[in-house]
Amino acid sequence: MSDRDVATQGPSGLSLFLYKTKKSFGTPMPYLAFVGIGLWLFTYWLLNEQLKISPFNKIPGPAEVLTEWFSQDPIWGTSLFTEDYWQNIKASCLRILIAFSLATGLGVPLGLFMGWSKKFKDYTFPVLELLRPIPILAWVPLSIVMFQSFEAPILFLATLASFFVTTLNTMLGVQSIDESYFRAAGCLGSKRRHVFIHVVLPGSLPFVFTGLQISIGVAWFSLVAAEMISGEFGLGYMINASYMVNKYVTMVMAMLTLGFVGWITSAMVRAAGSQMMQWREKALGQGGA
Amino acid sequence: MTETSILMEVKNVFKAFGEDWEREKVVENLNLDIKRNQLTAIVGPSGCGKSTVVNLLAGFESPDSGQIMMEGGAVSGPSKDRLVVFQETALMPWLTTYQNVTFGPKLRGDMPARSLKEAADRIIDTVGLREFKDKYPLQLSGGMQRRAELARALINQPLVMIMDEPFRGLDAMTRQLMQEFYLRLCEEEARTNVFVTSELEEAIILADSLVVLSNRPTTVREVIQIDLPRPRNLNMLSSPEAYDYKRHAMEMLHEEALKSFSGTESGSDFLKSYAQQP
Ligand SMILES: Nc1ncnc2c1ncn2[C@@H]1O[C@H](COP(=O)(O)OP(=O)(O)OP(=O)(O)O)[C@@H](O)[C@H]1O
Ligand SMILES: [Mg+2]
């Protein structure tokens, strides 16, 4: 490697992350985010615990929830310091990991082939379009009949929902690639498989990752719905179970936890996207997730 | 003296687009010779079908009737022997300048790694992008992108380089610099070039032979041999000879361009007002 190569290479990994984090504190962004969250909490508190306006007074207030959340000895039995809380998070995350990986592993290749080969698309697209509009909740009974267990139907529903989104976006991604890249590759002597690896794959990545962002959201949605209906552990189960026994504080805690965890997972998808699309990252001069 | 035998031959080519009931003839009765080691410039009014001619020459499209021959064989698809530099930049945005330049030889595997690296470095130097070889296309200016694309084509040593309005969309200054650069490049080493443009002056200063296309459906209106001395520079455009070429070709182009305005009401208004100009 020559000197020049070294000079043009910036920091990477953790040091790059720290650099970007440090840099972002020089911009209004993090402060505005804090102010926004603060304002929201304040409004919630005002409506709920201060003015006690209906219907806000029917739910637990922020102070109550936060106290419970950080309590070593929670009134309703669940907090950051109890085992079951972490067990539920772990169960949901593990399911998302499996469902999202399955959906991505199946959906991306399928979408790529559908976008790449007209014939393959003609076979598969009508089936996809027929199944895709069926709301995921309509699959619940069928999945319970199919898999006579707690775990499998949940995984199936989350995977299915996420798979549809990923496949469709990937296919659109391939179709969005400008014809001139195919032509350029063609006259430079690419074979069909070269075109797939060097044009179709990288060219569709921006759409693929937009799709994955949506798809992980959809995966969470269907996962929680499934966990609420038939579940053992998981944040959706936690919401439903505490609702059944009137533990509203625990219920709100689980909801907020879902918000946090969902945010983290989409940030991870975003980060993976920028990692794989350096060319876009550099040109747009954007920061990390 | 360099050899100037015929390399490509376009014979009676016809091409139309669209469904039967709204068929639009774009190329009709096109006959054209591309000579070895010459720069054949093709000018024509906007929208006349220049890019279509490029696509036919490159093999991206095939003629509805007629033939395109290269060294005795019919052109049947794209090949690295006929490289196209596109109207819109077609550098792969996900590859660096260096990776873009080496894209073709790497895929074909027809150059040993050592000599490929040397050739790539040399060509990137020639187009003045040494500092930018590890940058991505979106990080380059418009002019740099055009040069990177030139480099990507040149490294394959094609039998003919086909350029479709390669400097369109560049600002006037950059465009001039690119023209000078390209002139130097062509004069340093003999190459066969087809250079499509809608800028007459650009065509005259670069060309050995200037092909004027008619309006749609396009055909060759006239081929003018440009006998300006070489090496050339942009100042020669103000010479009397260049002026004569320019006036002659301009007259034809005007006639052709105006044809696309006739037939409509606003078009004939335009023609009238145009005729009143001194
Ligand atoms: N693939 C295609 N399908 C249908 N029509 C086409 C196709 N390619 C070109 N045409 C038509 O052919 C005509 C000529 O287009 P072309 O792009 O070749 O012109 P051009 O001279 O290169 O124009 P410009 O000066 O804008 O670059 C246009 O009317 C266009 O609509
Ligand atoms: Mg064109």
# chains A, B, ... in the order shown; residues from 1 in each chain; ligands from 1
>>> residues_near_ligand(ligand="ligand 1", cutoff="10 Å", atoms="only C-alpha atoms and all ligand atoms", output="mmCIF file with C-alpha atoms, in the first residue's frame")
data_model
loop_
_atom_site.group_PDB
_atom_site.id
_atom_site.type_symbol
_atom_site.label_atom_id
_atom_site.label_comp_id
_atom_site.auth_asym_id
_atom_site.auth_seq_id
_atom_site.Cartn_x
_atom_site.Cartn_y
_atom_site.Cartn_z
ATOM 1 C CA LYS B 15 -35.046 1.405 -37.428
ATOM 2 C CA ALA B 16 -38.442 2.274 -36.005
ATOM 3 C CA PHE B 17 -39.903 2.230 -32.502
ATOM 4 C CA GLY B 18 -43.360 1.785 -31.094
ATOM 5 C CA GLU B 19 -46.396 -0.375 -31.767
ATOM 6 C CA ARG B 23 -44.812 3.290 -35.454
ATOM 7 C CA GLU B 24 -42.214 6.018 -35.407
ATOM 8 C CA LYS B 25 -39.428 5.782 -37.949
ATOM 9 C CA VAL B 26 -36.244 7.003 -36.346
ATOM 10 C CA VAL B 27 -33.538 5.883 -38.769
ATOM 11 C CA VAL B 43 -23.889 16.095 -35.987
ATOM 12 C CA GLY B 44 -27.624 16.339 -36.207
ATOM 13 C CA PRO B 45 -30.488 18.354 -34.803
ATOM 14 C CA SER B 46 -31.605 17.522 -31.282
ATOM 15 C CA GLY B 47 -33.831 14.460 -31.101
ATOM 16 C CA CYS B 48 -33.094 13.352 -34.656
ATOM 17 C CA GLY B 49 -31.944 9.913 -33.608
ATOM 18 C CA LYS B 50 -28.249 10.303 -32.868
ATOM 19 C CA SER B 51 -28.331 8.144 -29.776
ATOM 20 C CA THR B 52 -30.265 5.551 -31.726
ATOM 21 C CA VAL B 53 -27.474 5.483 -34.316
ATOM 22 C CA VAL B 54 -24.974 5.042 -31.474
ATOM 23 C CA ASN B 55 -26.997 2.166 -30.029
ATOM 24 C CA LEU B 56 -27.089 0.521 -33.429
ATOM 25 C CA GLU B 61 -30.129 -2.347 -30.705
ATOM 26 C CA GLN B 87 -24.379 10.778 -23.059
ATOM 27 C CA GLU B 88 -25.160 10.474 -19.368
ATOM 28 C CA ASP B 164 -22.441 10.017 -27.596
ATOM 29 C CA GLU B 165 -22.361 13.727 -26.802
ATOM 30 C CA ARG B 168 -22.961 17.661 -23.037
ATOM 31 C CA VAL B 196 -21.650 12.265 -31.855
ATOM 32 C CA THR B 197 -22.481 15.815 -30.899
ATOM 33 C CA SER B 198 -25.033 18.540 -31.418
ATOM 34 C CA LEU B 213 -27.644 13.936 -40.240
ATOM 35 C CA ASN B 215 -34.084 15.354 -39.118
ATOM 36 C CA ARG B 216 -36.131 12.302 -38.050
ATOM 37 C CA PRO B 217 -36.288 9.786 -39.676
ATOM 38 C CA THR B 218 -32.616 10.409 -39.835
#
>>> residues_around(residues="Ala283 (chain A)", least_positions_apart="5", cutoff="10 Å", atoms="only C-alpha atoms", output="PyMOL selection string")
(chain A and resi 278) or (chain B and resi 93+135-140)
>>> write_last_selection(atoms="N, CA and C atoms", output="short mmCIF file (atom, residue, chain, number, x, y, z; two decimals), in the first residue's frame")
data_model
loop_
_atom_site.label_atom_id
_atom_site.label_comp_id
_atom_site.auth_asym_id
_atom_site.auth_seq_id
_atom_site.Cartn_x
_atom_site.Cartn_y
_atom_site.Cartn_z
N GLN A 278 -20.50 2.47 1.05
CA GLN A 278 -19.54 3.55 1.30
C GLN A 278 -19.61 4.61 0.21
N PRO B 93 -21.53 3.84 -9.83
CA PRO B 93 -21.35 4.71 -8.66
C PRO B 93 -20.76 3.96 -7.47
N LYS B 135 -11.42 7.69 -5.29
CA LYS B 135 -12.69 8.36 -5.00
C LYS B 135 -13.82 7.69 -5.78
N TYR B 136 -15.03 7.86 -5.26
CA TYR B 136 -16.20 7.34 -5.97
C TYR B 136 -16.73 8.39 -6.95
N PRO B 137 -17.40 7.94 -8.02
CA PRO B 137 -17.88 8.87 -9.05
C PRO B 137 -18.65 10.07 -8.49
N LEU B 138 -19.49 9.83 -7.47
CA LEU B 138 -20.29 10.94 -6.95
C LEU B 138 -19.42 11.99 -6.25
N GLN B 139 -18.16 11.63 -5.99
CA GLN B 139 -17.26 12.60 -5.37
C GLN B 139 -16.48 13.39 -6.41
N LEU B 140 -16.67 13.06 -7.70
CA LEU B 140 -15.93 13.74 -8.77
C LEU B 140 -16.81 14.82 -9.39
#
>>> interface_residues(of="chain B", to="chain A", cutoff="7 Å", atoms="only C-alpha atoms", output="ChimeraX atom specification")
/B:78-80,83,90,92-94,104,107-108,136,138-139
>>> write_last_selection(atoms="C-alpha atoms", output="compact mmCIF listing (two decimals), in the first residue's frame")
# COMPACT_ATOMS: atom_id res chain seq x y z
CA PRO B 78 -22.23 -5.25 -27.69
CA SER B 79 -18.53 -5.96 -27.68
CA LYS B 80 -15.44 -4.52 -26.10
CA LEU B 83 -16.82 0.90 -26.63
CA ALA B 90 -22.45 5.54 -16.76
CA MET B 92 -20.69 2.51 -11.71
CA PRO B 93 -21.35 4.71 -8.66
CA TRP B 94 -20.40 1.85 -6.31
CA GLY B 104 -13.64 -4.45 -18.16
CA LEU B 107 -14.07 -9.28 -15.75
CA ARG B 108 -12.75 -10.58 -19.02
CA TYR B 136 -16.20 7.34 -5.97
CA LEU B 138 -20.29 10.94 -6.95
CA GLN B 139 -17.26 12.60 -5.37
>>> select_by_dssp(residues="region 126-191 of chain B", states="alpha helix (DSSP H)", output="MDAnalysis selection string")
chainID B and resid 126 142:154 172:188
>>> closest_residue(among="B:Asn193, B:Gln145, B:Asn12, B:Asn31", to="Gln157 (chain B)", atoms="only C-alpha atoms")
B:Asn193
>>> residues_around(residues="Gln87 (chain A)", least_positions_apart="4", cutoff="9 Å", atoms="only C-alpha atoms", output="PDB file with all heavy atoms, in the first residue's frame")
ATOM      1  N   GLU A  83     -35.714 -10.439  36.710  1.00  0.00           N
ATOM      2  CA  GLU A  83     -35.308 -11.385  35.670  1.00  0.00           C
ATOM      3  C   GLU A  83     -36.275 -11.426  34.498  1.00  0.00           C
ATOM      4  O   GLU A  83     -35.878 -11.416  33.333  1.00  0.00           O
ATOM      5  CB  GLU A  83     -35.201 -12.775  36.286  1.00  0.00           C
ATOM      6  CG  GLU A  83     -34.690 -13.828  35.336  1.00  0.00           C
ATOM      7  CD  GLU A  83     -33.352 -14.383  35.817  1.00  0.00           C
ATOM      8  OE1 GLU A  83     -32.796 -13.856  36.798  1.00  0.00           O
ATOM      9  OE2 GLU A  83     -32.889 -15.343  35.202  1.00  0.00           O
ATOM     10  N   ALA A  91     -36.389 -12.849  24.610  1.00  0.00           N
ATOM     11  CA  ALA A  91     -37.241 -13.710  23.785  1.00  0.00           C
ATOM     12  C   ALA A  91     -37.650 -12.994  22.505  1.00  0.00           C
ATOM     13  O   ALA A  91     -37.531 -13.533  21.396  1.00  0.00           O
ATOM     14  CB  ALA A  91     -38.471 -14.132  24.571  1.00  0.00           C
ATOM     15  N   SER A  92     -38.096 -11.736  22.633  1.00  0.00           N
ATOM     16  CA  SER A  92     -38.539 -11.000  21.453  1.00  0.00           C
ATOM     17  C   SER A  92     -37.376 -10.747  20.488  1.00  0.00           C
ATOM     18  O   SER A  92     -37.522 -10.901  19.272  1.00  0.00           O
ATOM     19  CB  SER A  92     -39.164  -9.665  21.858  1.00  0.00           C
ATOM     20  OG  SER A  92     -40.445  -9.893  22.386  1.00  0.00           O
ATOM     21  N   PHE A 233     -43.646 -15.644  26.870  1.00  0.00           N
ATOM     22  CA  PHE A 233     -42.574 -14.638  26.910  1.00  0.00           C
ATOM     23  C   PHE A 233     -42.642 -13.698  25.721  1.00  0.00           C
ATOM     24  O   PHE A 233     -43.424 -13.903  24.786  1.00  0.00           O
ATOM     25  CB  PHE A 233     -41.187 -15.278  26.975  1.00  0.00           C
ATOM     26  CG  PHE A 233     -41.038 -16.219  28.127  1.00  0.00           C
ATOM     27  CD1 PHE A 233     -40.679 -17.533  27.917  1.00  0.00           C
ATOM     28  CD2 PHE A 233     -41.284 -15.779  29.422  1.00  0.00           C
ATOM     29  CE1 PHE A 233     -40.554 -18.403  28.969  1.00  0.00           C
ATOM     30  CE2 PHE A 233     -41.163 -16.647  30.483  1.00  0.00           C
ATOM     31  CZ  PHE A 233     -40.798 -17.969  30.258  1.00  0.00           C
ATOM     32  N   GLY A 234     -41.805 -12.712  25.784  1.00  0.00           N
ATOM     33  CA  GLY A 234     -41.772 -11.709  24.728  1.00  0.00           C
ATOM     34  C   GLY A 234     -42.490 -10.456  25.168  1.00  0.00           C
ATOM     35  O   GLY A 234     -43.324 -10.486  26.077  1.00  0.00           O
TER      36      GLY A 234
END
>>> closest_residue(among="B:Leu32, B:Gln176, B:Ser209, B:Val85", to="ligand 2", atoms="only C-alpha atoms and all ligand atoms")
B:Val85
>>> residues_around(residues="Glu151 (chain A)", least_positions_apart="4", cutoff="9 Å", atoms="only C-alpha atoms", output="list in words")
Arg95, Phe147, Leu155, Phe156, Ser230, Gly231 and Glu232 of chain A
>>> residues_around(residues="Leu97 (chain A)", least_positions_apart="4", cutoff="12 Å", atoms="only C-alpha atoms", output="JSON, numbers by chain")
{"A": [90, 91, 92, 93, 101, 102, 103, 104, 105, 155, 158, 159, 162, 216, 219, 220, 223, 262, 265, 268, 269]}
>>> write_last_selection(atoms="C-alpha atoms", output="tab-separated table (two decimals), in the first residue's frame")
chain	number	residue	atom	x	y	z
A	90	LYS	CA	-34.41	-11.56	25.08
A	91	ALA	CA	-37.24	-13.71	23.78
A	92	SER	CA	-38.54	-11.00	21.45
A	93	CYS	CA	-35.10	-10.02	20.19
A	101	SER	CA	-32.60	-13.16	9.04
A	102	LEU	CA	-34.88	-15.71	7.43
A	103	ALA	CA	-36.91	-13.06	5.64
A	104	THR	CA	-33.79	-11.28	4.42
A	105	GLY	CA	-32.03	-14.46	3.43
A	155	LEU	CA	-41.74	-16.86	13.94
A	158	ALA	CA	-43.01	-12.23	11.63
A	159	THR	CA	-40.97	-13.84	8.88
A	162	SER	CA	-41.01	-9.08	6.67
A	216	ILE	CA	-37.74	-4.85	10.40
A	219	ALA	CA	-41.38	-7.81	11.64
A	220	TRP	CA	-41.77	-6.16	15.05
A	223	LEU	CA	-44.18	-10.34	16.16
A	262	GLY	CA	-37.22	-1.19	17.77
A	265	THR	CA	-32.71	-2.54	15.60
A	268	MET	CA	-28.44	-1.35	13.29
A	269	VAL	CA	-29.95	-1.96	9.87
>>> residues_around(residues="Glu9 (chain B)", least_positions_apart="6", cutoff="8 Å", atoms="only C-alpha atoms", output="PyMOL selection string")
chain B and resi 31-34+68-70
>>> write_last_selection(atoms="N, CA and C atoms", output="mmCIF file, in the first residue's frame")
data_model
loop_
_atom_site.group_PDB
_atom_site.id
_atom_site.type_symbol
_atom_site.label_atom_id
_atom_site.label_comp_id
_atom_site.auth_asym_id
_atom_site.auth_seq_id
_atom_site.Cartn_x
_atom_site.Cartn_y
_atom_site.Cartn_z
ATOM 1 N N ASN B 31 -26.691 5.171 -44.576
ATOM 2 C CA ASN B 31 -25.472 4.580 -45.147
ATOM 3 C C ASN B 31 -24.284 5.384 -44.653
ATOM 4 N N LEU B 32 -23.297 4.659 -44.136
ATOM 5 C CA LEU B 32 -22.217 5.383 -43.476
ATOM 6 C C LEU B 32 -20.978 4.491 -43.435
ATOM 7 N N ASP B 33 -19.819 5.085 -43.713
ATOM 8 C CA ASP B 33 -18.565 4.356 -43.554
ATOM 9 C C ASP B 33 -17.775 4.958 -42.403
ATOM 10 N N ILE B 34 -17.275 4.089 -41.555
ATOM 11 C CA ILE B 34 -16.376 4.560 -40.493
ATOM 12 C C ILE B 34 -14.966 4.121 -40.883
ATOM 13 N N ILE B 68 -25.210 -3.685 -40.270
ATOM 14 C CA ILE B 68 -24.045 -2.964 -39.780
ATOM 15 C C ILE B 68 -22.893 -3.953 -39.753
ATOM 16 N N MET B 69 -21.860 -3.660 -40.530
ATOM 17 C CA MET B 69 -20.748 -4.591 -40.670
ATOM 18 C C MET B 69 -19.514 -4.021 -39.992
ATOM 19 N N MET B 70 -18.736 -4.934 -39.412
ATOM 20 C CA MET B 70 -17.457 -4.513 -38.859
ATOM 21 C C MET B 70 -16.430 -5.550 -39.284
#
